[in-house]
Every structure is written in C-alpha cells, then in structure tokens.
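Student: What follows is final_33.cif; its format and atoms are mmCIF, C-alpha atoms.
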```cif
data_protein
#
loop_
_atom_site.label_atom_id
_atom_site.label_comp_id
_atom_site.auth_asym_id
_atom_site.auth_seq_id
_atom_site.Cartn_x
_atom_site.Cartn_y
_atom_site.Cartn_z
CA MET A 1 -86.06 16.04 -142.28
CA ALA A 2 -89.39 17.75 -141.43
CA PRO A 3 -91.70 18.43 -144.42
CA LEU A 4 -91.30 22.21 -144.06
CA GLN A 5 -87.51 21.86 -143.80
CA ARG A 6 -87.49 19.76 -146.99
CA ARG A 7 -89.60 22.39 -148.77
CA ALA A 8 -87.25 25.15 -147.61
CA PHE A 9 -84.30 23.18 -148.97
CA TYR A 10 -86.03 22.76 -152.33
CA GLY A 11 -87.06 26.44 -152.18
CA LEU A 12 -83.42 27.43 -151.75
CA LEU A 13 -82.44 25.21 -154.66
CA ILE A 14 -85.21 26.63 -156.88
CA GLY A 15 -84.27 30.16 -155.79
CA PHE A 16 -80.64 29.73 -156.79
CA ILE A 17 -81.47 28.08 -160.13
CA TRP A 18 -84.03 30.84 -160.73
CA ILE A 19 -81.65 33.71 -160.01
CA VAL A 20 -78.79 32.12 -161.99
CA ALA A 21 -81.16 31.54 -164.97
CA ILE A 22 -82.26 35.19 -164.93
CA ILE A 23 -78.68 36.48 -164.66
CA VAL A 24 -77.45 34.16 -167.46
CA VAL A 25 -80.33 35.17 -169.79
CA PHE A 26 -79.74 38.81 -168.91
CA ILE A 27 -76.02 38.65 -169.73
CA LEU A 28 -76.48 36.56 -172.92
CA LYS A 29 -79.21 38.85 -174.27
CA GLY A 30 -77.18 42.02 -173.90
CA GLY A 31 -77.73 43.53 -170.46
CA VAL A 32 -79.62 46.64 -169.33
CA SER A 33 -79.65 48.60 -172.61
CA ALA A 34 -80.98 45.61 -174.60
CA PHE A 35 -83.56 44.94 -171.86
CA ASN A 36 -84.78 48.52 -172.22
CA GLU A 37 -85.22 48.26 -175.99
CA ASP A 38 -86.07 44.61 -176.78
CA GLN A 39 -89.63 43.59 -175.87
CA GLY A 40 -88.91 39.89 -176.54
CA PHE A 41 -86.08 40.02 -174.03
CA ARG A 42 -88.35 41.68 -171.45
CA LEU A 43 -91.01 39.01 -171.98
CA THR A 44 -88.43 36.23 -171.54
CA ILE A 45 -87.34 37.72 -168.21
CA ASP A 46 -91.02 38.22 -167.24
CA GLY A 47 -91.67 34.53 -168.00
CA LEU A 48 -88.71 33.40 -165.92
CA TRP A 49 -89.70 35.68 -163.09
CA ILE A 50 -93.38 34.73 -162.97
CA GLY A 51 -92.59 31.03 -163.56
CA GLY A 52 -90.19 30.98 -160.60
CA LEU A 53 -92.67 32.84 -158.43
CA ILE A 54 -95.44 30.33 -159.18
CA ALA A 55 -93.10 27.36 -158.56
CA TYR A 56 -92.10 28.87 -155.23
CA LEU A 57 -95.67 29.58 -154.14
CA ILE A 58 -96.82 26.06 -155.08
CA LEU A 59 -93.90 24.59 -153.14
CA PHE A 60 -94.90 26.30 -149.87
CA GLU A 61 -98.66 26.73 -150.21
CA THR A 62 -99.25 23.02 -150.84
CA ILE A 63 -97.64 22.16 -147.53
CA LEU A 64 -98.85 25.09 -145.40
CA GLY A 65 -102.45 24.30 -146.33
CA LYS A 66 -102.21 20.62 -145.36
CA PRO A 67 -103.15 19.82 -141.75
CA GLY A 68 -100.62 17.68 -139.89
CA HIS A 69 -97.68 18.58 -142.12
CA VAL A 70 -96.73 21.71 -140.20
CA ASP A 71 -96.85 21.55 -136.41
CA GLU A 72 -96.27 24.14 -133.65
CA ARG A 73 -92.48 23.90 -133.84
CA ASP A 74 -92.53 24.37 -137.62
CA LYS A 75 -94.81 27.42 -137.19
CA LEU A 76 -92.42 28.88 -134.62
CA ILE A 77 -89.52 28.46 -137.05
CA LEU A 78 -91.63 29.89 -139.88
CA ASP A 79 -92.50 32.92 -137.72
CA LYS A 80 -88.83 33.58 -136.99
CA ALA A 81 -87.70 33.23 -140.63
CA PRO A 82 -88.56 36.88 -141.54
CA ARG A 83 -85.68 38.07 -139.31
CA PHE A 84 -83.22 36.72 -141.86
CA GLN A 85 -85.53 37.52 -144.78
CA TRP A 86 -85.66 41.24 -143.91
CA LEU A 87 -81.93 41.38 -143.36
CA ALA A 88 -81.37 39.90 -146.84
CA VAL A 89 -83.83 42.38 -148.39
CA ILE A 90 -82.21 45.37 -146.67
CA PHE A 91 -78.72 44.27 -147.71
CA SER A 92 -79.82 43.81 -151.32
CA LEU A 93 -81.42 47.29 -151.33
CA VAL A 94 -78.25 48.81 -149.87
CA ALA A 95 -76.21 47.02 -152.55
CA TRP A 96 -78.50 48.39 -155.29
CA VAL A 97 -78.34 51.95 -153.91
CA ILE A 98 -74.54 51.94 -153.65
CA ALA A 99 -74.06 50.30 -157.07
CA LEU A 100 -76.49 52.61 -158.88
CA SER A 101 -75.27 55.76 -157.11
CA GLU A 102 -71.67 55.00 -158.03
CA SER A 103 -72.47 53.95 -161.61
CA TYR A 104 -74.77 56.83 -162.49
CA HIS A 105 -73.39 59.58 -160.27
CA ASP A 106 -71.96 61.59 -163.17
CA ALA A 107 -75.07 61.16 -165.33
CA GLY A 108 -77.24 62.49 -162.50
CA GLN A 109 -80.08 60.06 -163.25
CA VAL A 110 -80.74 56.33 -163.13
CA PRO A 111 -82.48 54.55 -166.06
CA VAL A 112 -86.12 53.68 -165.30
CA VAL A 113 -85.50 50.02 -166.14
CA PHE A 114 -83.70 49.65 -162.82
CA LEU A 115 -86.96 50.13 -160.93
CA TYR A 116 -88.17 46.88 -162.47
CA LEU A 117 -84.87 45.10 -161.83
CA ILE A 118 -84.71 46.27 -158.20
CA PHE A 119 -88.25 45.05 -157.51
CA MET A 120 -87.62 41.70 -159.22
CA SER A 121 -84.31 41.09 -157.45
CA VAL A 122 -85.66 42.11 -154.03
CA LEU A 123 -88.59 39.72 -154.42
CA ILE A 124 -86.25 36.85 -155.33
CA VAL A 125 -83.86 37.71 -152.48
CA SER A 126 -86.84 37.82 -150.10
CA MET A 127 -87.93 34.33 -151.12
CA ILE A 128 -84.42 32.88 -150.91
CA GLY A 129 -84.04 34.69 -147.55
CA GLN A 130 -87.18 33.03 -146.23
CA ALA A 131 -85.91 29.58 -147.23
CA ILE A 132 -82.52 30.26 -145.59
CA GLY A 133 -84.28 31.63 -142.47
CA ILE A 134 -86.31 28.43 -142.16
CA LEU A 135 -83.22 26.24 -142.60
CA ILE A 136 -81.30 28.27 -139.98
CA GLY A 137 -84.27 27.88 -137.59
CA TYR A 138 -84.15 24.08 -137.92
CA ARG A 139 -80.38 24.06 -137.51
CA ARG A 140 -80.59 26.11 -134.30
CA MET A 141 -83.26 23.83 -132.87
CA ARG A 142 -81.53 20.59 -133.83
CA MET F 1 -84.50 35.53 -112.98
CA PRO F 2 -82.92 32.09 -112.39
CA LYS F 3 -82.29 29.92 -115.43
CA ALA F 4 -84.89 27.19 -115.78
CA GLU F 5 -84.60 23.86 -117.52
CA ILE F 6 -87.41 21.62 -118.67
CA SER F 7 -86.41 17.98 -118.72
CA ASN F 8 -88.61 15.06 -119.73
CA HIS F 9 -89.00 11.28 -119.48
CA ILE F 10 -90.53 10.72 -122.90
CA ARG F 11 -87.88 8.25 -123.96
CA ARG F 12 -88.41 6.06 -120.88
CA LEU F 13 -92.19 6.32 -121.13
CA ARG F 14 -92.08 5.27 -124.78
CA PHE F 15 -90.07 2.18 -123.93
CA ASP F 16 -92.31 1.40 -120.97
CA ARG F 17 -95.25 1.40 -123.39
CA GLY F 18 -94.03 -1.44 -125.56
CA GLU F 19 -91.22 0.48 -127.27
CA MET F 20 -93.54 2.98 -128.86
CA THR F 21 -91.76 4.63 -131.78
CA GLN F 22 -91.27 8.37 -132.09
CA GLU F 23 -93.31 8.23 -135.30
CA GLU F 24 -96.24 6.57 -133.51
CA LEU F 25 -96.16 9.09 -130.68
CA ALA F 26 -95.98 11.95 -133.20
CA ASN F 27 -99.00 10.61 -135.08
CA ARG F 28 -100.99 10.21 -131.88
CA VAL F 29 -100.31 13.73 -130.60
CA GLY F 30 -100.53 15.38 -134.03
CA CYS F 31 -97.02 16.68 -134.64
CA THR F 32 -94.03 15.66 -136.75
CA ARG F 33 -91.48 13.02 -135.71
CA GLN F 34 -88.80 15.73 -135.85
CA THR F 35 -90.64 17.68 -133.13
CA ILE F 36 -90.76 14.60 -130.87
CA ILE F 37 -87.02 14.10 -131.46
CA ALA F 38 -86.37 17.77 -130.54
CA VAL F 39 -88.59 17.58 -127.41
CA GLU F 40 -86.97 14.33 -126.26
CA ALA F 41 -83.51 15.82 -126.71
CA GLY F 42 -84.50 18.93 -124.75
CA LYS F 43 -83.92 21.16 -127.78
CA TYR F 44 -87.52 22.31 -127.93
CA VAL F 45 -89.95 23.03 -125.10
CA PRO F 46 -93.45 22.10 -126.30
CA SER F 47 -96.54 24.23 -125.82
CA LEU F 48 -98.84 23.37 -122.89
CA SER F 49 -101.30 21.88 -125.33
CA LEU F 50 -98.73 19.51 -126.86
CA ALA F 51 -97.34 18.64 -123.42
CA PHE F 52 -100.82 17.63 -122.23
CA ARG F 53 -101.45 15.60 -125.39
CA ILE F 54 -98.16 13.72 -124.89
CA ALA F 55 -99.02 13.03 -121.24
CA ARG F 56 -102.49 11.83 -122.24
CA VAL F 57 -101.02 9.32 -124.72
CA PHE F 58 -98.94 7.83 -121.90
CA GLY F 59 -101.88 7.99 -119.48
CA VAL F 60 -99.92 9.90 -116.85
CA PRO F 61 -100.08 13.44 -115.37
CA VAL F 62 -98.10 16.05 -117.30
CA GLU F 63 -95.62 16.50 -114.42
CA GLU F 64 -94.66 12.86 -114.76
CA VAL F 65 -93.55 13.54 -118.33
CA PHE F 66 -92.01 17.01 -117.90
CA GLN F 67 -90.02 18.36 -114.98
CA TYR F 68 -89.27 22.00 -114.28
CA GLU F 69 -85.86 22.56 -112.68
CA GLU F 70 -84.29 25.85 -111.63
#
```
Hey, can you dump this file as structure tokens for me?

Tutor:
Amino acid sequence: MAPLQRRAFYGLLIGFIWIVAIIVVFILKGGVSAFNEDQGFRLTIDGLWIGGLIAYLILFETILGKPGHVDERDKLILDKAPRFQWLAVIFSLVAWVIALSESYHDAGQVPVVFLYLIFMSVLIVSMIGQAIGILIGYRRMR
Amino acid sequence: MPKAEISNHIRRLRFDRGEMTQEELANRVGCTRQTIIAVEAGKYVPSLSLAFRIARVFGVPVEEVFQYEE
C-alpha cells in the first residue's frame, strides 16, 4: 500500500468515527432544539468538529510535505480525487435542501442553527469524499 | 486516433541487473514501489521524466525500456 493510500484509508476511518461520534452526541444530548439552547452542548460539538479537522489535516499534511513519500502517480490520483469529493458535497447539499424544505415547509422558515450544521456536515463529507476519491483512484490504477 | 499501448521491459531489465528489486529501483528513481509495480504491469504510463530516470538506472536508451505500439 502506497503511503498516500494508507493515509486515505486512515482518513476514511477517522472520518467515519468522527461523523458517528458527532451524530451520537447530537442524538444523546437532545437534537436540534437542545443544540440551539445549550451552550455546553454546542461547545462539545465544536470540540469534536475542530478535533476531527485537526486530526485529518495532520494525517495528510505530514505526508504531503515529505519529499519522496508522494510521487507523480500519487499526485495524479490526488488531483483526480476532487471529482468524487465534489459529487459527495453536491449530494449532501441536495439532501439537506430536500430534508429541510420538506420538514419546515409549513413553518415557512428554517432555524438558523441549520446553517452551522450544514456547513459542518458538508466539510466532513468533503473530507471523507477526498479519502474515498483517493482510494478509488488507486483501485482504478491497480 | 488509433489506440496506442506503451509496453515495457522493466521486469527483464531488473533481472538482467542482478535481480534488482522493485524497491531498489523505486528508491533510485525517486518514486514509490507501488508506482514501479503499476508501471511494470502496464497500469500506469510514467511521465517522460520518470521514464528517462528509469532508463538511466539501467544504463540503456529510453526506447529500450519503453515501446510505443499502435
């Protein structure tokens, strides 16, 4: 397994653990209404979010900065990964739009808290999408 | 445009040079072993720069390592 491929695999693993941890904390703490009112809950989610982001950046930046660990083929795969990444982001945005439109259609307005949740989820989906894009690239070139 | 294939003799050249390992070749040309495996198997066509570096390690012209077939 190439170093970048290994990192992408770990990135995918971290991404899934990260997203599951956020969803579990979110459900256990009381969902959207509690998130809107409880500052401690918001800070917990912020911690999980920023912690995961830092772990993810360390995972990739430590290898991308090292000469000899990523060669021309790895860079080609890395350059093609955004194709899948953007697809994942667009699908997640479409899912949010449909879900929120259907849920809050009668109310005529969507709670502001969803702006935060949409941004957070799209960022996580983007990172997981990048890892999957890299792994698909290696699989296609195997 | 006719379909072109790039084949190579890296495997034979490695064995002709005292059974040079893929790892050793990768270290000498500055890429990963996985890239050498992919090039050898014809799954990845290397850049001109990498192709020349591979040929230089074997001490042969680049066309002796890679062949272009239509």

Student: Identify the residues around (-99.6, 16.1, -133.1) within a radius of 9 Å, measuring from all atoms listed in the file in the coordinates stated by the file, and give them as a ChimeraX atom specification.

Tutor: /A:68,71-72 /F:25-32,50,53-54

Student: Hey, can you check how far atom CA of A:Gln130 sits from atom CA of A:Leu78?

Tutor: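 Atom-to-atom, atom CA of A:Gln130 to atom CA of A:Leu78, that is 8.4 Å.
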
Student: Could you state the separation of atom CA of A:Phe91 and atom CA of A:Ser103 in Å, given to one decimal place?

Tutor: 18.1 Å

Student: The PyMOL selection byres ((chain F) within 8 of (chain A)) - which residues does that actually catch in the file I just gave you? List them as a ChimeraX atom specification.

Tutor: /F:30-35,38,43-44,46-47

Student: Can you give me, as a list of chain:residue names, the residues this file yields under the PyMOL selection byres ((chain A and resi 81) around 8)?

Tutor: A:Ile77, A:Leu78, A:Asp79, A:Lys80, A:Pro82, A:Arg83, A:Phe84, A:Gln85, A:Gly129, A:Gln130, A:Ala131, A:Ile132, A:Gly133, A:Ile134, A:Gly137

Student: I'd like to know which of A:Gln109, A:Ser121, A:Thr44, A:Gln5 is closest to A:Leu93, using all atoms listed in the file.

Tutor: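 Nearest candidate to A:Leu93 out of A:Gln109, A:Ser121, A:Thr44, A:Gln5: A:Ser121.
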
Student: One decimal, Å: what's the distance from atom CA of F:Phe66 over to atom CA of F:Ile10, could you say?

Tutor: 8.2 Å

Student: Go through F:Glu70, F:Gln22, F:Leu48, F:Val39 and flag the residue nearest F:His9, using only C-alpha atoms for the distances.

Tutor: F:Val39

Student: Taking 6 positions as the minimum chain separation for residues in the same chain, which residues sit within 9 Å of stretch 37-41 of chain A when counting only C-alpha atoms? Answer as a PyMOL selection string.

Tutor: chain A and resi 25-26+29

Student: Listed atoms of stretch 70-85 of chain A, axis-aligned box, 6 Å per side: centre and edge lengths to one decimal in Å, as AutoDock Vina command-line options?

Tutor:
```
--center_x -90.0 --center_y 29.8 --center_z -139.2 --size_x 25.6 --size_y 28.5 --size_z 23.1
```

Student: Go through A:Leu135, A:Asn36, A:Ile124, A:Arg42 one by one, measure the shortest atom-to-atom distance of each to A:Ala88 using all atoms listed in the file, and give the residue with the smallest value.

Tutor: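 Nearest candidate to A:Ala88 out of A:Leu135, A:Asn36, A:Ile124, A:Arg42: A:Ile124.
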
Student: Given the choices A:Leu12, A:Ile90, A:Tyr104, A:Arg7, which gets closest to A:Ile128 if the distance is worked out from all atoms listed in the file?

Tutor: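 Of A:Leu12, A:Ile90, A:Tyr104, A:Arg7, the one nearest A:Ile128 is A:Leu12, counting all atoms listed in the file.
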
Student: Which polymer residues, protein or nucleic acid, are no farther than 10 Å from (-89.3, 8.1, -126.2), counting only C-alpha atoms, as an MDAnalysis selection string?

Tutor: chainID F and resid 8:17 19:23 25 36:37 39:41

Student: Counting only C-alpha atoms, give me one row per residue of stretch 11-33 of chain A with an atom at most 8 Å from an atom of stretch 51-66 of chain A, showing the shortest contact pair and its distance in Å to one decimal, sorted by chain then residue number, as a tab-separated table.

Tutor:
```
residue	atom	partner	partner_atom	distance
A:Gly11	CA	A:Tyr56	CA	6.4
A:Ile14	CA	A:Tyr56	CA	7.4
A:Gly15	CA	A:Gly52	CA	7.7
A:Trp18	CA	A:Gly52	CA	6.2
```

Student: Hey, can you spit out that residue selection with C-alpha atoms as a PDB file, in the frame of the given file?

Tutor:
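Saved file selection36.pdb follows:
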```
ATOM      1  CA  GLY A  11     -87.060  26.440-152.180  1.00  0.00           C
ATOM      2  CA  ILE A  14     -85.210  26.630-156.880  1.00  0.00           C
ATOM      3  CA  GLY A  15     -84.270  30.160-155.790  1.00  0.00           C
ATOM      4  CA  TRP A  18     -84.030  30.840-160.730  1.00  0.00           C
TER       5      TRP A  18
END
```

Student: Using only C-alpha atoms, which of A:Val24, A:Val113, A:Ile118, A:Leu13 sits nearest A:Val97?

Tutor: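 Looking only at the distances to A:Val97, the closest residue turns out to be A:Ile118.
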